[in-house]
Amino acid sequence: MTQLGQYPAPAHVIAHLSDTHFLAEGRPLYGAVDVESNLARALAHLERSGVRPEALLFTGDLADLAEPDAYARLRAMVEPVAERLGAQVIWVMGNHDERAAFASLLHGETETDAPQDRVHWLGGLRVISFDTTVPGYHHGEITDAQLEWLAAELATSAPEGTLLAVHHPPIPVTVDIMATLELERQDRLAAVLAGSDVRGILGGHLHYATHSLFAGIPVSVAAATCYTLDPMADADRLLSGVEGGQSINLVHVLADRVVHTIVPVSETREVTGWPASARARVDALTPEQRREVLSSKHSTFTMADGATSEASTPIPE
C-alpha cells in the first residue's frame, strides 16, 4: 500500500484495553452495567476494522471480585478474538484482581501471593507487565525486590525498546478523590527508569483516558471498557461513574516514537465517510495529484464508488 504521509507504517500495533471488571455468571456491575456487552462491543469493533494488532494488552482490574468464573468468562471472550487476529494476550494485575487467581486462572501457574511481573516479546519490542498492586488495598506500591528485578531486566536493552505496562499510572490524578488510590513512592520507580530503554508507560485504573510524562517517558492511560469516571462531574458530586465514554487505545510503535490513539467503543452512526474501495484510486494518484484532489479546497473529487472528479488534475482510470 502506498505511503501517504511523511511517516512509515508502524513496526508494531497494540490494542490497549483496561478495567473490564467482569463478574461471575455475567452479573451486571453495580446491578447496572453490562460489562460483558461493553467489552464484546469493543472487541467486535476491533475485528471489523482493518487493524491487526500484535497484542491485546489489558492493564488490570480484569475481574471485579477476582471470581474464578469471571476470569473464565473473560478468557472465553478474549482468546478467540486474539486467535483470529493473530495477537498475543498480555494481562496486567489490577487492584481488583487477586494474585493467586491471576496466576492460576490466566497463566496456568501455581497459585502464589508473589507479584505478577512478566516479560513479553513482540519481535524486538519488550513489553513488561509490572504488578503495582497491594494485597488487600486499592492504592499502588512497588516493593524493593520488584524494583531490583526491574532494574536487572532493563540493564539489557531490547532491540526495539521497552513498553512498561502497569495498572496504577505514575502521573498526577486529576479526579481529586482518586488521588488517594494512586501509586505511592513514585520517585523510586523513576530512579530505576532513568536512562533505560523504556519508551512508553501504559496504565489503567483511573477509568478515564489521560496522558502525561513520568521521568521523561510518555504515559498513556486507557479508559475503562466497563464504565468511566467523569473528570468534569457536577460540583455537587465528589465522584461520578457513568455508563458512557468507554474507549480503548491503539498503540502504534514506530522506530522513533510511539503514538496513542483513543477509540470510542460506544454505538455510533456514520454521518460521512468513504468506502474502502476508494483506496485503490488514491494509491493510483501521484503525490502531486493527491495534493490537488485531496487537499485543494476547490477539488470536487468524491470517494464514492464509480464517481469521477472534476478537479483540475485528472484521475487515472
# chains A, B, ... in the order shown; residues from 1 in each chain; ligands from 1
call {"tool": "residues_around", "arguments": {"residues": "A:Leu29", "least_positions_apart": "3", "cutoff": "12 Å", "atoms": "only C-alpha atoms", "output": "PDB file with N, CA and C atoms, in the first residue's frame"}}
result
ATOM      1  N   ASP A  19      -9.538  -2.254  32.600  1.00  0.00           N
ATOM      2  CA  ASP A  19     -10.635  -2.219  33.563  1.00  0.00           C
ATOM      3  C   ASP A  19     -11.928  -2.822  33.013  1.00  0.00           C
ATOM      4  N   THR A  20     -11.868  -4.114  32.745  1.00  0.00           N
ATOM      5  CA  THR A  20     -13.057  -4.828  32.257  1.00  0.00           C
ATOM      6  C   THR A  20     -14.026  -5.162  33.387  1.00  0.00           C
ATOM      7  N   HIS A  21     -13.521  -5.419  34.594  1.00  0.00           N
ATOM      8  CA  HIS A  21     -14.333  -5.627  35.805  1.00  0.00           C
ATOM      9  C   HIS A  21     -15.425  -6.694  35.613  1.00  0.00           C
ATOM     10  N   PHE A  22     -15.037  -7.859  35.080  1.00  0.00           N
ATOM     11  CA  PHE A  22     -16.007  -8.941  34.898  1.00  0.00           C
ATOM     12  C   PHE A  22     -16.462  -9.505  36.248  1.00  0.00           C
ATOM     13  N   LEU A  23     -17.705  -9.983  36.278  1.00  0.00           N
ATOM     14  CA  LEU A  23     -18.269 -10.655  37.446  1.00  0.00           C
ATOM     15  C   LEU A  23     -18.708 -12.064  37.057  1.00  0.00           C
ATOM     16  N   ALA A  24     -18.756 -12.952  38.027  1.00  0.00           N
ATOM     17  CA  ALA A  24     -19.196 -14.328  37.767  1.00  0.00           C
ATOM     18  C   ALA A  24     -20.627 -14.340  37.248  1.00  0.00           C
ATOM     19  N   GLU A  25     -20.898 -15.337  36.410  1.00  0.00           N
ATOM     20  CA  GLU A  25     -22.232 -15.570  35.860  1.00  0.00           C
ATOM     21  C   GLU A  25     -22.733 -14.401  35.022  1.00  0.00           C
ATOM     22  N   GLY A  26     -21.822 -13.525  34.613  1.00  0.00           N
ATOM     23  CA  GLY A  26     -22.218 -12.409  33.762  1.00  0.00           C
ATOM     24  C   GLY A  26     -23.042 -11.352  34.466  1.00  0.00           C
ATOM     25  N   ALA A  32     -26.077  -2.517  37.186  1.00  0.00           N
ATOM     26  CA  ALA A  32     -26.498  -1.581  36.143  1.00  0.00           C
ATOM     27  C   ALA A  32     -25.673  -1.644  34.858  1.00  0.00           C
ATOM     28  N   VAL A  33     -24.415  -2.093  34.936  1.00  0.00           N
ATOM     29  CA  VAL A  33     -23.524  -2.014  33.781  1.00  0.00           C
ATOM     30  C   VAL A  33     -23.259  -3.410  33.232  1.00  0.00           C
ATOM     31  N   ASP A  34     -23.601  -3.629  31.985  1.00  0.00           N
ATOM     32  CA  ASP A  34     -23.350  -4.906  31.319  1.00  0.00           C
ATOM     33  C   ASP A  34     -21.923  -4.898  30.797  1.00  0.00           C
ATOM     34  N   VAL A  35     -20.977  -5.251  31.672  1.00  0.00           N
ATOM     35  CA  VAL A  35     -19.560  -5.147  31.330  1.00  0.00           C
ATOM     36  C   VAL A  35     -19.177  -6.103  30.200  1.00  0.00           C
ATOM     37  N   GLU A  36     -19.850  -7.242  30.122  1.00  0.00           N
ATOM     38  CA  GLU A  36     -19.523  -8.192  29.061  1.00  0.00           C
ATOM     39  C   GLU A  36     -19.929  -7.648  27.702  1.00  0.00           C
ATOM     40  N   SER A  37     -21.100  -7.055  27.617  1.00  0.00           N
ATOM     41  CA  SER A  37     -21.531  -6.477  26.343  1.00  0.00           C
ATOM     42  C   SER A  37     -20.621  -5.333  25.926  1.00  0.00           C
ATOM     43  N   ASN A  38     -20.181  -4.548  26.906  1.00  0.00           N
ATOM     44  CA  ASN A  38     -19.295  -3.426  26.587  1.00  0.00           C
ATOM     45  C   ASN A  38     -17.968  -3.912  26.009  1.00  0.00           C
ATOM     46  N   ALA A  63     -11.138  -8.722  36.638  1.00  0.00           N
ATOM     47  CA  ALA A  63     -12.334  -9.237  37.313  1.00  0.00           C
ATOM     48  C   ALA A  63     -12.590  -8.377  38.541  1.00  0.00           C
ATOM     49  N   ASP A  64     -13.820  -7.986  38.733  1.00  0.00           N
ATOM     50  CA  ASP A  64     -14.138  -7.042  39.802  1.00  0.00           C
ATOM     51  C   ASP A  64     -13.906  -7.635  41.187  1.00  0.00           C
ATOM     52  N   LEU A  65     -14.220  -8.927  41.361  1.00  0.00           N
ATOM     53  CA  LEU A  65     -14.079  -9.584  42.661  1.00  0.00           C
ATOM     54  C   LEU A  65     -13.133 -10.782  42.611  1.00  0.00           C
ATOM     55  N   ALA A  70     -15.464 -15.376  36.647  1.00  0.00           N
ATOM     56  CA  ALA A  70     -15.272 -14.112  35.945  1.00  0.00           C
ATOM     57  C   ALA A  70     -14.043 -14.179  35.039  1.00  0.00           C
ATOM     58  N   THR A 225     -13.330  -0.186  29.800  1.00  0.00           N
ATOM     59  CA  THR A 225     -14.405  -0.661  28.924  1.00  0.00           C
ATOM     60  C   THR A 225     -15.694  -0.866  29.707  1.00  0.00           C
ATOM     61  N   CYS A 226     -15.623  -0.949  31.049  1.00  0.00           N
ATOM     62  CA  CYS A 226     -16.833  -1.212  31.838  1.00  0.00           C
ATOM     63  C   CYS A 226     -17.657   0.056  32.008  1.00  0.00           C
ATOM     64  N   TYR A 227     -17.159   1.022  32.760  1.00  0.00           N
ATOM     65  CA  TYR A 227     -17.786   2.328  32.899  1.00  0.00           C
ATOM     66  C   TYR A 227     -16.680   3.342  33.076  1.00  0.00           C
ATOM     67  N   GLY A 241     -19.275   7.957  38.477  1.00  0.00           N
ATOM     68  CA  GLY A 241     -19.051   6.930  37.477  1.00  0.00           C
ATOM     69  C   GLY A 241     -20.251   6.863  36.555  1.00  0.00           C
ATOM     70  N   VAL A 242     -20.001   6.827  35.241  1.00  0.00           N
ATOM     71  CA  VAL A 242     -21.093   6.919  34.274  1.00  0.00           C
ATOM     72  C   VAL A 242     -21.033   5.775  33.273  1.00  0.00           C
ATOM     73  N   GLU A 243     -22.176   5.426  32.738  1.00  0.00           N
ATOM     74  CA  GLU A 243     -22.277   4.446  31.662  1.00  0.00           C
ATOM     75  C   GLU A 243     -22.190   5.203  30.347  1.00  0.00           C
TER      76      GLU A 243
END
call {"tool": "select_by_dssp", "arguments": {"residues": "stretch 193-242 of chain A", "states": "strand (DSSP E)", "output": "ChimeraX atom specification"}}
result
/A:198-203,210-214,217-221,228-229,241-242
call {"tool": "write_last_selection", "arguments": {"atoms": "N, CA and C atoms", "output": "CSV table (one decimal), in the first residue's frame"}}
result
chain,number,residue,atom,x,y,z
A,198,VAL,N,13.0,2.3,28.2
A,198,VAL,CA,11.5,2.3,28.3
A,198,VAL,C,11.0,3.5,27.4
A,199,ARG,N,10.2,3.2,26.4
A,199,ARG,CA,9.8,4.3,25.5
A,199,ARG,C,8.4,4.7,25.8
A,200,GLY,N,7.6,4.0,26.6
A,200,GLY,CA,6.3,4.4,27.0
A,200,GLY,C,5.8,3.6,28.2
A,201,ILE,N,4.9,4.2,28.9
A,201,ILE,CA,4.3,3.5,30.1
A,201,ILE,C,2.8,3.5,29.8
A,202,LEU,N,2.2,2.3,29.9
A,202,LEU,CA,0.7,2.1,29.6
A,202,LEU,C,0.1,1.8,30.9
A,203,GLY,N,-1.0,2.5,31.2
A,203,GLY,CA,-1.7,2.3,32.5
A,203,GLY,C,-3.2,2.3,32.4
A,210,THR,N,-6.1,9.6,29.8
A,210,THR,CA,-5.3,10.8,30.1
A,210,THR,C,-3.9,10.5,29.7
A,211,HIS,N,-3.1,11.5,29.6
A,211,HIS,CA,-1.7,11.4,29.2
A,211,HIS,C,-0.8,12.3,30.0
A,212,SER,N,0.4,11.9,30.2
A,212,SER,CA,1.4,12.8,30.9
A,212,SER,C,2.8,12.3,30.6
A,213,LEU,N,3.8,12.8,31.4
A,213,LEU,CA,5.1,12.3,31.4
A,213,LEU,C,5.5,11.8,32.7
A,214,PHE,N,6.4,10.8,32.8
A,214,PHE,CA,7.0,10.4,34.0
A,214,PHE,C,8.5,10.0,33.8
A,217,ILE,N,9.3,10.0,30.3
A,217,ILE,CA,8.8,9.0,29.5
A,217,ILE,C,7.3,9.3,29.3
A,218,PRO,N,6.7,9.2,28.1
A,218,PRO,CA,5.3,9.4,27.9
A,218,PRO,C,4.5,8.3,28.6
A,219,VAL,N,3.4,8.7,29.2
A,219,VAL,CA,2.5,7.8,29.9
A,219,VAL,C,1.1,8.0,29.2
A,220,SER,N,0.5,6.9,28.9
A,220,SER,CA,-0.8,6.8,28.3
A,220,SER,C,-1.7,5.9,29.1
A,221,VAL,N,-2.9,6.5,29.5
A,221,VAL,CA,-3.8,5.8,30.3
A,221,VAL,C,-5.1,5.5,29.5
A,228,THR,N,-17.0,4.6,33.0
A,228,THR,CA,-15.9,5.6,33.1
A,228,THR,C,-16.2,6.6,34.2
A,229,LEU,N,-15.2,7.3,34.6
A,229,LEU,CA,-15.4,8.4,35.6
A,229,LEU,C,-15.5,9.7,34.8
A,241,GLY,N,-19.3,8.0,38.5
A,241,GLY,CA,-19.1,6.9,37.5
A,241,GLY,C,-20.3,6.9,36.6
A,242,VAL,N,-20.0,6.8,35.2
A,242,VAL,CA,-21.1,6.9,34.3
A,242,VAL,C,-21.0,5.8,33.3
call {"tool": "atom_distance", "arguments": {"atom1": "atom CA of A:Val251", "atom2": "atom CA of A:Leu147"}}
result
25.5 Å
call {"tool": "closest_residue", "arguments": {"among": "A:Glu288, A:Glu83, A:Glu153, A:Asp197", "to": "A:Phe130", "atoms": "only C-alpha atoms"}}
result
A:Glu153
call {"tool": "closest_residue", "arguments": {"among": "A:Pro172, A:Leu17, A:Ala11, A:Ala114", "to": "A:Val263", "atoms": "only C-alpha atoms"}}
result
A:Leu17
call {"tool": "atom_distance", "arguments": {"atom1": "atom CA of A:His260", "atom2": "atom CA of A:Leu106"}}
result
26.4 Å
call {"tool": "residues_around", "arguments": {"residues": "A:Ile142", "least_positions_apart": "4", "cutoff": "12 Å", "atoms": "only C-alpha atoms", "output": "ChimeraX atom specification"}}
result
/A:114-117,130-135,146-150,166-168,170,182-190,192
call {"tool": "select_by_dssp", "arguments": {"residues": "stretch 16-240 of chain A", "states": "alpha helix (DSSP H)", "output": "CSV table (one decimal) with C-alpha atoms, in the first residue's frame"}}
result
chain,number,residue,atom,x,y,z
A,35,VAL,CA,-19.6,-5.1,31.3
A,36,GLU,CA,-19.5,-8.2,29.1
A,37,SER,CA,-21.5,-6.5,26.3
A,38,ASN,CA,-19.3,-3.4,26.6
A,39,LEU,CA,-16.1,-5.5,26.1
A,40,ALA,CA,-17.7,-7.6,23.4
A,41,ARG,CA,-18.6,-4.3,21.5
A,42,ALA,CA,-15.0,-3.1,21.8
A,43,LEU,CA,-13.6,-6.4,20.5
A,44,ALA,CA,-16.1,-6.5,17.7
A,45,HIS,CA,-15.2,-3.0,16.7
A,46,LEU,CA,-11.5,-4.0,16.6
A,47,GLU,CA,-12.3,-7.1,14.5
A,48,ARG,CA,-14.3,-5.2,12.0
A,68,PRO,CA,-12.9,-17.8,39.0
A,69,ASP,CA,-15.9,-17.8,36.8
A,70,ALA,CA,-15.3,-14.1,35.9
A,71,TYR,CA,-11.7,-14.9,34.7
A,72,ALA,CA,-13.1,-17.9,32.8
A,73,ARG,CA,-15.7,-15.7,31.1
A,74,LEU,CA,-13.1,-13.1,30.3
A,75,ARG,CA,-10.7,-15.6,28.7
A,76,ALA,CA,-13.6,-17.2,26.7
A,77,MET,CA,-14.4,-13.8,25.2
A,78,VAL,CA,-10.9,-12.5,24.6
A,79,GLU,CA,-8.8,-15.5,23.5
A,80,PRO,CA,-10.9,-16.5,20.4
A,81,VAL,CA,-10.7,-12.9,19.2
A,82,ALA,CA,-6.9,-12.8,19.8
A,83,GLU,CA,-6.5,-16.1,17.9
A,84,ARG,CA,-8.5,-14.7,14.9
A,85,LEU,CA,-6.3,-11.6,14.9
A,99,ARG,CA,-2.6,-12.7,42.6
A,100,ALA,CA,-3.3,-16.3,43.3
A,101,ALA,CA,-6.3,-16.3,40.9
A,107,HIS,CA,-1.4,-18.1,33.3
A,144,ASP,CA,12.2,-3.2,46.8
A,145,ALA,CA,12.5,-6.7,45.3
A,146,GLN,CA,10.4,-5.7,42.3
A,147,LEU,CA,12.5,-2.7,41.7
A,148,GLU,CA,15.6,-4.8,41.8
A,149,TRP,CA,14.1,-7.2,39.3
A,150,LEU,CA,13.0,-4.4,37.0
A,151,ALA,CA,16.5,-2.8,37.1
A,152,ALA,CA,18.1,-6.1,36.3
A,153,GLU,CA,15.7,-6.7,33.4
A,154,LEU,CA,16.3,-3.2,32.0
A,186,GLN,CA,6.9,7.0,42.5
A,187,ASP,CA,10.4,8.5,42.9
A,188,ARG,CA,11.8,5.0,43.4
A,189,LEU,CA,10.4,3.9,40.1
A,190,ALA,CA,11.7,7.0,38.4
A,191,ALA,CA,15.2,6.2,39.6
A,192,VAL,CA,15.1,2.7,38.0
A,193,LEU,CA,13.7,4.0,34.7
call {"tool": "residues_around", "arguments": {"residues": "A:Pro231", "least_positions_apart": "3", "cutoff": "12 Å", "atoms": "only C-alpha atoms", "output": "mmCIF file with C-alpha atoms, in the first residue's frame"}}
result
data_model
loop_
_atom_site.group_PDB
_atom_site.id
_atom_site.type_symbol
_atom_site.label_atom_id
_atom_site.label_comp_id
_atom_site.auth_asym_id
_atom_site.auth_seq_id
_atom_site.Cartn_x
_atom_site.Cartn_y
_atom_site.Cartn_z
ATOM 1 C CA VAL A 173 -4.544 12.235 39.163
ATOM 2 C CA THR A 174 -6.951 14.991 38.153
ATOM 3 C CA VAL A 175 -10.075 13.457 39.719
ATOM 4 C CA ASP A 176 -9.259 14.612 43.235
ATOM 5 C CA ILE A 177 -10.607 11.749 45.375
ATOM 6 C CA MET A 178 -8.889 9.161 43.145
ATOM 7 C CA LEU A 206 -8.431 5.814 36.516
ATOM 8 C CA HIS A 207 -11.442 4.959 34.308
ATOM 9 C CA TYR A 208 -10.748 7.952 32.086
ATOM 10 C CA ALA A 209 -8.208 8.444 29.300
ATOM 11 C CA THR A 210 -5.324 10.772 30.074
ATOM 12 C CA ALA A 223 -10.205 4.485 29.892
ATOM 13 C CA THR A 228 -15.935 5.624 33.064
ATOM 14 C CA ASP A 234 -21.197 18.315 38.570
ATOM 15 C CA ALA A 235 -19.892 20.334 41.501
ATOM 16 C CA ARG A 237 -20.629 15.140 43.104
ATOM 17 C CA LEU A 238 -17.365 14.035 44.745
ATOM 18 C CA LEU A 239 -17.117 11.133 42.300
ATOM 19 C CA SER A 240 -19.299 10.221 39.340
ATOM 20 C CA GLY A 241 -19.051 6.930 37.477
ATOM 21 C CA VAL A 242 -21.093 6.919 34.274
ATOM 22 C CA GLY A 245 -17.487 7.299 27.158
#
call {"tool": "atom_distance", "arguments": {"atom1": "atom CA of A:Arg52", "atom2": "atom CA of A:His120"}}
result
18.0 Å
